[in-house]
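Enquirer: Following this line is work_31.cif, made up of mmCIF, C-alpha atoms and all ligand atoms:
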data_final
loop_
_atom_site.group_PDB
_atom_site.id
_atom_site.type_symbol
_atom_site.label_atom_id
_atom_site.label_comp_id
_atom_site.auth_asym_id
_atom_site.auth_seq_id
_atom_site.Cartn_x
_atom_site.Cartn_y
_atom_site.Cartn_z
ATOM 1 C CA MET A 1 18.390 -15.065 -5.795
ATOM 2 C CA GLN A 2 16.496 -11.794 -6.121
ATOM 3 C CA GLN A 3 13.095 -11.859 -4.430
ATOM 4 C CA THR A 4 10.055 -9.585 -4.685
ATOM 5 C CA TYR A 5 8.547 -8.095 -1.534
ATOM 6 C CA ILE A 6 5.293 -6.170 -1.382
ATOM 7 C CA ILE A 7 4.932 -3.919 1.635
ATOM 8 C CA THR A 8 2.519 -1.403 3.138
ATOM 9 C CA GLY A 9 3.505 1.401 5.509
ATOM 10 C CA ALA A 10 6.668 1.944 3.485
ATOM 11 C CA THR A 11 6.781 5.721 3.951
ATOM 12 C CA SER A 12 7.602 5.720 7.645
ATOM 13 C CA GLY A 13 8.925 3.934 10.724
ATOM 14 C CA LEU A 14 9.332 0.170 10.634
ATOM 15 C CA GLY A 15 8.108 -0.177 7.047
ATOM 16 C CA LEU A 16 10.598 2.358 5.744
ATOM 17 C CA SER A 17 13.458 0.675 7.617
ATOM 18 C CA LEU A 18 12.478 -2.665 6.107
ATOM 19 C CA VAL A 19 12.308 -1.207 2.596
ATOM 20 C CA LYS A 20 15.811 0.251 2.948
ATOM 21 C CA GLN A 21 17.206 -3.072 4.183
ATOM 22 C CA ILE A 22 15.465 -5.137 1.492
ATOM 23 C CA LEU A 23 16.714 -2.809 -1.269
ATOM 24 C CA HIS A 24 20.198 -2.897 0.275
ATOM 25 C CA ASP A 25 20.066 -6.700 0.111
ATOM 26 C CA GLY A 26 19.383 -6.465 -3.640
ATOM 27 C CA HIS A 27 15.745 -7.533 -3.693
ATOM 28 C CA LYS A 28 12.767 -5.888 -5.396
ATOM 29 C CA VAL A 29 10.203 -3.911 -3.409
ATOM 30 C CA ILE A 30 6.659 -3.002 -4.382
ATOM 31 C CA ALA A 31 5.642 -0.245 -1.965
ATOM 32 C CA LEU A 32 1.890 0.283 -1.529
ATOM 33 C CA VAL A 33 1.476 3.879 -0.373
ATOM 34 C CA ARG A 34 -1.343 6.405 -0.127
ATOM 35 C CA ASN A 35 1.022 9.328 -0.689
ATOM 36 C CA ILE A 36 3.191 8.759 -3.750
ATOM 37 C CA GLU A 37 4.986 12.118 -3.415
ATOM 38 C CA LYS A 38 5.973 11.364 0.188
ATOM 39 C CA MET A 39 7.495 8.063 -0.944
ATOM 40 C CA ARG A 40 9.303 9.622 -3.918
ATOM 41 C CA ALA A 41 10.742 12.353 -1.666
ATOM 42 C CA LEU A 42 12.602 9.637 0.234
ATOM 43 C CA ASN A 43 14.805 9.156 -2.866
ATOM 44 C CA LEU A 44 14.993 5.381 -2.644
ATOM 45 C CA GLU A 45 14.714 4.735 -6.381
ATOM 46 C CA GLN A 46 18.463 4.257 -6.935
ATOM 47 C CA GLN A 47 18.124 1.212 -9.176
ATOM 48 C CA ASP A 48 15.893 1.442 -12.238
ATOM 49 C CA ASP A 49 13.513 -1.387 -11.489
ATOM 50 C CA GLN A 50 14.264 -2.346 -7.894
ATOM 51 C CA LEU A 51 11.524 -0.197 -6.337
ATOM 52 C CA GLN A 52 7.985 0.060 -7.712
ATOM 53 C CA ILE A 53 5.677 2.541 -6.016
ATOM 54 C CA VAL A 54 1.971 1.702 -6.280
ATOM 55 C CA PRO A 55 -0.855 3.898 -4.987
ATOM 56 C CA CYS A 56 -2.975 2.242 -2.321
ATOM 57 C CA ASP A 57 -5.042 3.899 0.375
ATOM 58 C CA MET A 58 -5.653 1.214 2.971
ATOM 59 C CA LEU A 59 -8.851 3.010 4.019
ATOM 60 C CA ASN A 60 -10.368 2.627 0.571
ATOM 61 C CA PRO A 61 -11.535 -0.835 -0.614
ATOM 62 C CA GLU A 62 -11.552 0.249 -4.277
ATOM 63 C CA SER A 63 -7.974 1.494 -4.009
ATOM 64 C CA ILE A 64 -6.979 -1.875 -2.538
ATOM 65 C CA LYS A 65 -8.629 -3.820 -5.390
ATOM 66 C CA VAL A 66 -6.919 -1.681 -8.033
ATOM 67 C CA VAL A 67 -3.497 -2.820 -6.770
ATOM 68 C CA ALA A 68 -3.950 -6.026 -8.794
ATOM 69 C CA SER A 69 -3.925 -4.033 -12.032
ATOM 70 C CA HIS A 70 -0.390 -2.803 -11.228
ATOM 71 C CA LEU A 71 1.069 -6.253 -10.648
ATOM 72 C CA ASN A 72 0.786 -7.763 -14.164
ATOM 73 C CA HIS A 73 2.678 -11.089 -14.050
ATOM 74 C CA THR A 74 4.525 -10.369 -10.824
ATOM 75 C CA THR A 75 5.151 -13.263 -8.459
ATOM 76 C CA LEU A 76 5.444 -12.207 -4.841
ATOM 77 C CA ASP A 77 7.877 -13.911 -2.468
ATOM 78 C CA ALA A 78 6.815 -11.911 0.574
ATOM 79 C CA PHE A 79 3.996 -9.671 1.811
ATOM 80 C CA ILE A 80 4.676 -7.404 4.787
ATOM 81 C CA TYR A 81 1.773 -5.452 6.303
ATOM 82 C CA CYS A 82 3.316 -2.511 8.157
ATOM 83 C CA SER A 83 0.613 0.119 7.769
ATOM 84 C CA GLY A 84 -1.208 0.891 10.987
ATOM 85 C CA VAL A 85 -3.067 3.678 12.735
ATOM 86 C CA GLY A 86 -3.889 4.572 16.297
ATOM 87 C CA TYR A 87 -5.670 7.476 17.967
ATOM 88 C CA PHE A 88 -4.210 7.617 21.412
ATOM 89 C CA LYS A 89 -6.879 9.180 23.581
ATOM 90 C CA GLY A 90 -9.733 8.201 25.896
ATOM 91 C CA ILE A 91 -12.633 6.188 24.501
ATOM 92 C CA GLU A 92 -15.001 9.071 25.247
ATOM 93 C CA ALA A 93 -12.937 11.238 22.908
ATOM 94 C CA HIS A 94 -12.818 8.962 19.862
ATOM 95 C CA THR A 95 -14.933 10.037 16.910
ATOM 96 C CA THR A 96 -16.823 7.453 14.880
ATOM 97 C CA GLU A 97 -14.469 8.069 11.960
ATOM 98 C CA GLU A 98 -11.389 7.490 14.125
ATOM 99 C CA MET A 99 -12.749 4.234 15.514
ATOM 100 C CA LEU A 100 -13.718 2.937 12.068
ATOM 101 C CA GLU A 101 -10.384 3.939 10.552
ATOM 102 C CA THR A 102 -8.534 2.093 13.316
ATOM 103 C CA TYR A 103 -10.328 -1.206 12.682
ATOM 104 C CA GLN A 104 -10.422 -0.820 8.911
ATOM 105 C CA VAL A 105 -6.704 -0.126 8.449
ATOM 106 C CA ASN A 106 -5.460 -2.401 11.239
ATOM 107 C CA VAL A 107 -7.778 -5.367 10.685
ATOM 108 C CA VAL A 108 -10.470 -5.529 8.014
ATOM 109 C CA HIS A 109 -8.614 -4.084 5.066
ATOM 110 C CA PHE A 110 -5.600 -6.308 5.692
ATOM 111 C CA ASN A 111 -8.012 -9.108 4.762
ATOM 112 C CA LEU A 112 -9.101 -7.248 1.605
ATOM 113 C CA LEU A 113 -5.484 -6.712 0.573
ATOM 114 C CA PHE A 114 -4.665 -10.371 1.212
ATOM 115 C CA GLN A 115 -7.566 -11.364 -1.065
ATOM 116 C CA THR A 116 -6.254 -9.013 -3.741
ATOM 117 C CA LEU A 117 -2.662 -10.272 -3.489
ATOM 118 C CA ARG A 118 -3.405 -13.967 -3.132
ATOM 119 C CA PRO A 119 -3.247 -14.816 -6.859
ATOM 120 C CA PHE A 120 0.200 -13.231 -7.017
ATOM 121 C CA LEU A 121 1.701 -14.854 -3.911
ATOM 122 C CA LYS A 122 3.997 -17.855 -4.298
ATOM 123 C CA ASN A 123 2.744 -20.987 -2.532
ATOM 124 C CA ASN A 124 5.468 -20.685 0.076
ATOM 125 C CA ALA A 125 5.422 -16.877 0.274
ATOM 126 C CA SER A 126 6.355 -15.251 3.565
ATOM 127 C CA ILE A 127 3.523 -13.192 5.051
ATOM 128 C CA VAL A 128 4.187 -10.858 7.956
ATOM 129 C CA GLY A 129 1.683 -8.695 9.817
ATOM 130 C CA ILE A 130 2.698 -6.330 12.594
ATOM 131 C CA GLY A 131 0.787 -6.660 15.857
ATOM 132 C CA SER A 132 1.446 -4.811 19.085
ATOM 133 C CA GLN A 133 2.012 -5.377 22.766
ATOM 134 C CA ALA A 134 -0.952 -3.016 23.192
ATOM 135 C CA GLY A 135 -3.153 -5.968 22.230
ATOM 136 C CA PHE A 136 -2.008 -7.949 25.267
ATOM 137 C CA ALA A 137 -1.495 -5.355 27.980
ATOM 138 C CA THR A 138 -4.126 -2.667 28.410
ATOM 139 C CA GLN A 139 -2.509 0.738 28.074
ATOM 140 C CA ALA A 140 -3.927 4.145 28.859
ATOM 141 C CA TYR A 141 -5.405 5.887 25.816
ATOM 142 C CA ALA A 142 -4.825 2.860 23.583
ATOM 143 C CA ALA A 143 -8.100 0.931 23.951
ATOM 144 C CA HIS A 144 -9.204 0.880 20.323
ATOM 145 C CA TYR A 145 -5.656 0.588 18.985
ATOM 146 C CA GLY A 146 -5.046 -2.362 21.333
ATOM 147 C CA ALA A 147 -8.418 -3.926 20.508
ATOM 148 C CA SER A 148 -7.672 -3.702 16.798
ATOM 149 C CA LYS A 149 -4.259 -5.313 17.274
ATOM 150 C CA ILE A 150 -5.655 -8.238 19.267
ATOM 151 C CA ALA A 151 -8.422 -8.653 16.655
ATOM 152 C CA PHE A 152 -5.741 -8.739 13.984
ATOM 153 C CA LEU A 153 -3.887 -11.630 15.589
ATOM 154 C CA PRO A 154 -6.096 -14.620 14.631
ATOM 155 C CA ILE A 155 -6.604 -13.211 11.136
ATOM 156 C CA ASP A 156 -2.864 -12.757 10.690
ATOM 157 C CA GLU A 157 -2.270 -16.291 11.993
ATOM 158 C CA CYS A 158 -4.724 -17.690 9.438
ATOM 159 C CA VAL A 159 -2.515 -16.501 6.612
ATOM 160 C CA THR A 160 0.927 -16.742 8.206
ATOM 161 C CA SER A 161 0.777 -20.270 9.672
HETATM 162 N N1 LIG B 201 5.910 2.506 16.693
HETATM 163 C C1 LIG B 201 5.648 1.683 17.677
HETATM 164 O O1 LIG B 201 6.042 1.898 18.853
HETATM 165 C C2 LIG B 201 4.877 0.411 17.417
HETATM 166 C C3 LIG B 201 4.777 -0.544 18.438
HETATM 167 C C4 LIG B 201 4.075 -1.714 18.187
HETATM 168 C C5 LIG B 201 3.502 -1.966 16.949
HETATM 169 N N2 LIG B 201 3.596 -0.996 15.983
HETATM 170 C C6 LIG B 201 2.957 -1.293 14.690
HETATM 171 O O2 LIG B 201 3.990 -1.412 13.734
HETATM 172 C C7 LIG B 201 3.498 -0.955 12.464
HETATM 173 C C8 LIG B 201 4.392 0.171 11.977
HETATM 174 O O3 LIG B 201 4.422 1.163 12.978
HETATM 175 P P1 LIG B 201 5.303 2.472 12.821
HETATM 176 O O4 LIG B 201 5.325 3.173 14.145
HETATM 177 O O5 LIG B 201 6.569 2.136 12.125
HETATM 178 O O6 LIG B 201 4.340 3.272 11.852
HETATM 179 P P2 LIG B 201 4.293 4.810 11.450
HETATM 180 O O7 LIG B 201 5.659 5.395 11.435
HETATM 181 O O8 LIG B 201 3.237 5.465 12.277
HETATM 182 O O9 LIG B 201 3.796 4.641 9.958
HETATM 183 C C9 LIG B 201 2.531 4.149 9.674
HETATM 184 C C10 LIG B 201 2.521 3.810 8.219
HETATM 185 O O10 LIG B 201 1.204 3.368 7.882
HETATM 186 C C11 LIG B 201 0.799 4.101 6.746
HETATM 187 N N3 LIG B 201 -0.642 4.270 6.699
HETATM 188 C C12 LIG B 201 -1.483 4.699 7.672
HETATM 189 N N4 LIG B 201 -2.730 4.780 7.196
HETATM 190 C C13 LIG B 201 -2.681 4.393 5.889
HETATM 191 C C14 LIG B 201 -3.630 4.292 4.871
HETATM 192 N N5 LIG B 201 -4.936 4.630 5.050
HETATM 193 N N6 LIG B 201 -3.233 3.853 3.648
HETATM 194 C C15 LIG B 201 -1.950 3.537 3.427
HETATM 195 N N7 LIG B 201 -0.981 3.632 4.352
HETATM 196 C C16 LIG B 201 -1.346 4.056 5.581
HETATM 197 C C17 LIG B 201 1.481 5.445 6.894
HETATM 198 O O11 LIG B 201 1.451 6.131 5.661
HETATM 199 P P3 LIG B 201 1.616 7.741 5.585
HETATM 200 O O12 LIG B 201 3.093 7.998 5.601
HETATM 201 O O13 LIG B 201 0.965 8.096 4.299
HETATM 202 O O14 LIG B 201 0.933 8.322 6.804
HETATM 203 C C18 LIG B 201 2.858 4.999 7.333
HETATM 204 O O15 LIG B 201 3.629 4.566 6.241
HETATM 205 C C19 LIG B 201 2.052 -0.497 12.711
HETATM 206 O O16 LIG B 201 1.175 -1.572 12.403
HETATM 207 C C20 LIG B 201 2.026 -0.212 14.192
HETATM 208 O O17 LIG B 201 0.725 -0.354 14.717
HETATM 209 C C21 LIG B 201 4.286 0.156 16.189
#
Starting from the coordinates I provided, produce the structure as structure tokens.

Expert:
Amino acid sequence: MQQTYIITGATSGLGLSLVKQILHDGHKVIALVRNIEKMRALNLEQQDDQLQIVPCDMLNPESIKVVASHLNHTTLDAFIYCSGVGYFKGIEAHTTEEMLETYQVNVVHFNLLFQTLRPFLKNNASIVGIGSQAGFATQAYAAHYGASKIAFLPIDECVTS
């Protein structure tokens, strides 16, 4: 049976690979992206209604709330949170903006998006958030990235377990 996945981070890396596989398997994808043109340039819209591209800047709480207005009567079978950021440099070199962006995109705004999507998620919907080994093993130049990933873990577990 065809299912509907909503996914962030769809323009690149793991998220893009997942989108390609899910479309290949015949399911619907709602891709939440900050750069619509970047997503369109990937030419994944082979089937008329299989891929819906929705603007969403995960740094912007208003942009996250507006996602609901694009979903109409959609019922979501799965939510995959693949967007993530990291500034890989020493802690003395991080700007305030870089630190805040890291925790907002990797932790806090996941929670805002979950709140926005909750009315649309099936009771037994699959919810997947992407952590990182950097949260468990301290790595050079990855302190704030790692800290954000370990902070994400209990929040992710609240909604995935
Ligand atoms: N790559 C690794 O080695 C690795 C290892 C462990 C865990 N992870 C985690 O796995 C996930 C995916 O990693 P990846 O390497 O595949 O990612 P990536 O290629 O760096 O792509 C990151 C994605 O997040 C999106 N994104 C970043 N900031 C955003 C924002 N403000 N609003 C909306 N989208 C935003 C990017 O969109 P744009 O295209 O618009 O920039 C892009 O689609 C991340 O959570 C990452 O932390 C990665």

Enquirer: Residues within 10 Å of ligand LIG 201 (chain B) should be enumerated using only C-alpha atoms and all ligand atoms and returned as a ChimeraX atom specification.

Expert: /A:7-18,31-39,55-60,63-64,81-86,101-102,104-107,109,129-135,145-146,148-149

Enquirer: What does the structure give for the distance between CA of Thr75 in chain A and CA of Ser126 in chain A, in Å to one decimal?

Expert: 12.2 Å

Enquirer: Please report the interatomic distance between CA of Asp49 in chain A and CA of Ala78 in chain A in Å with one decimal.

Expert: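 Rounded to one decimal, the two atoms are 17.4 Å apart.
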
Enquirer: Kindly indicate which residue among A:Asp25, A:Ile30, A:Val66, A:Ile53 lies nearest to Thr116 in chain A, using all atoms listed in the file for the distances.

Expert: A:Val66

Enquirer: Please list as a PyMOL selection string every residue within 9 Å of Gln50 in chain A, counting all atoms listed in the file and excluding residues in the same chain fewer than 4 positions away.

Expert: chain A and resi 4+23+26-30+45-46

Enquirer: What's the 9 Å shell around Leu112 in chain A, counting all atoms listed in the file, without same-chain residues fewer than 5 positions away, as a ChimeraX atom specification?

Expert: /A:61,64-65,117

Enquirer: Around the point (-2.3, -8.6, -9.5), in the coordinates given by the file, pick out the residues reaching within 10 Å, counting all atoms listed in the file, and return them as a list in words.

Expert: Lys65, Val66, Val67, Ala68, Ser69, His70, Leu71, Asn72, His73, Thr74, Thr75, Leu76, Thr116, Leu117, Arg118, Pro119, Phe120 and Leu121 of chain A

Enquirer: Can you translate the PyMOL selection byres (((chain A and resi 87) around 10) and not hetatm) into the concrete residues it hits in this file, as a short mmCIF file (atom, residue, chain, number, x, y, z; two decimals) with C-alpha atoms, keeping the file's coordinate frame?

Expert:
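Listing of expr15.cif after writing:
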data_model
loop_
_atom_site.label_atom_id
_atom_site.label_comp_id
_atom_site.auth_asym_id
_atom_site.auth_seq_id
_atom_site.Cartn_x
_atom_site.Cartn_y
_atom_site.Cartn_z
CA VAL A 85 -3.07 3.68 12.74
CA GLY A 86 -3.89 4.57 16.30
CA PHE A 88 -4.21 7.62 21.41
CA LYS A 89 -6.88 9.18 23.58
CA GLY A 90 -9.73 8.20 25.90
CA ILE A 91 -12.63 6.19 24.50
CA ALA A 93 -12.94 11.24 22.91
CA HIS A 94 -12.82 8.96 19.86
CA THR A 95 -14.93 10.04 16.91
CA GLU A 98 -11.39 7.49 14.12
CA MET A 99 -12.75 4.23 15.51
CA GLU A 101 -10.38 3.94 10.55
CA THR A 102 -8.53 2.09 13.32
CA TYR A 141 -5.40 5.89 25.82
CA ALA A 142 -4.82 2.86 23.58
CA ALA A 143 -8.10 0.93 23.95
CA HIS A 144 -9.20 0.88 20.32
CA TYR A 145 -5.66 0.59 18.98
#

Enquirer: Give the padded box for range 58-66 of chain A as JSON: axis-aligned, covering all atoms listed in the file, 8 Å on each side, centre and edge lengths in Å to one decimal.

Expert:
{"center_x": -8.6, "center_y": -0.4, "center_z": -2.0, "size_x": 21.9, "size_y": 22.8, "size_z": 28.1}

Enquirer: What gap, in Å, lies between CA of His24 in chain A and CA of Thr160 in chain A?

Expert: 25.0 Å

Enquirer: Go through A:Ser161, A:Ile80, A:Leu100, A:Thr138 one by one, measure the shortest atom-to-atom distance of each to Leu113 in chain A using all atoms listed in the file, and give the residue with the smallest value.

Expert: A:Ile80

Enquirer: Would you please work out which residue, of A:Ile22, A:Val54, A:Ala41, A:Val108, is nearest to Asp156 in chain A when using only C-alpha atoms?

Expert: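 Among A:Ile22, A:Val54, A:Ala41, A:Val108, it is A:Val108 that comes nearest to Asp156 in chain A.
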
Enquirer: With all atoms listed in the file as the atoms that count, which of A:Ala147, A:Tyr103, A:Val159, A:Val19 lies nearest to Asn124 in chain A?

Expert: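 Distance minimum relative to Asn124 in chain A lands on A:Val159.
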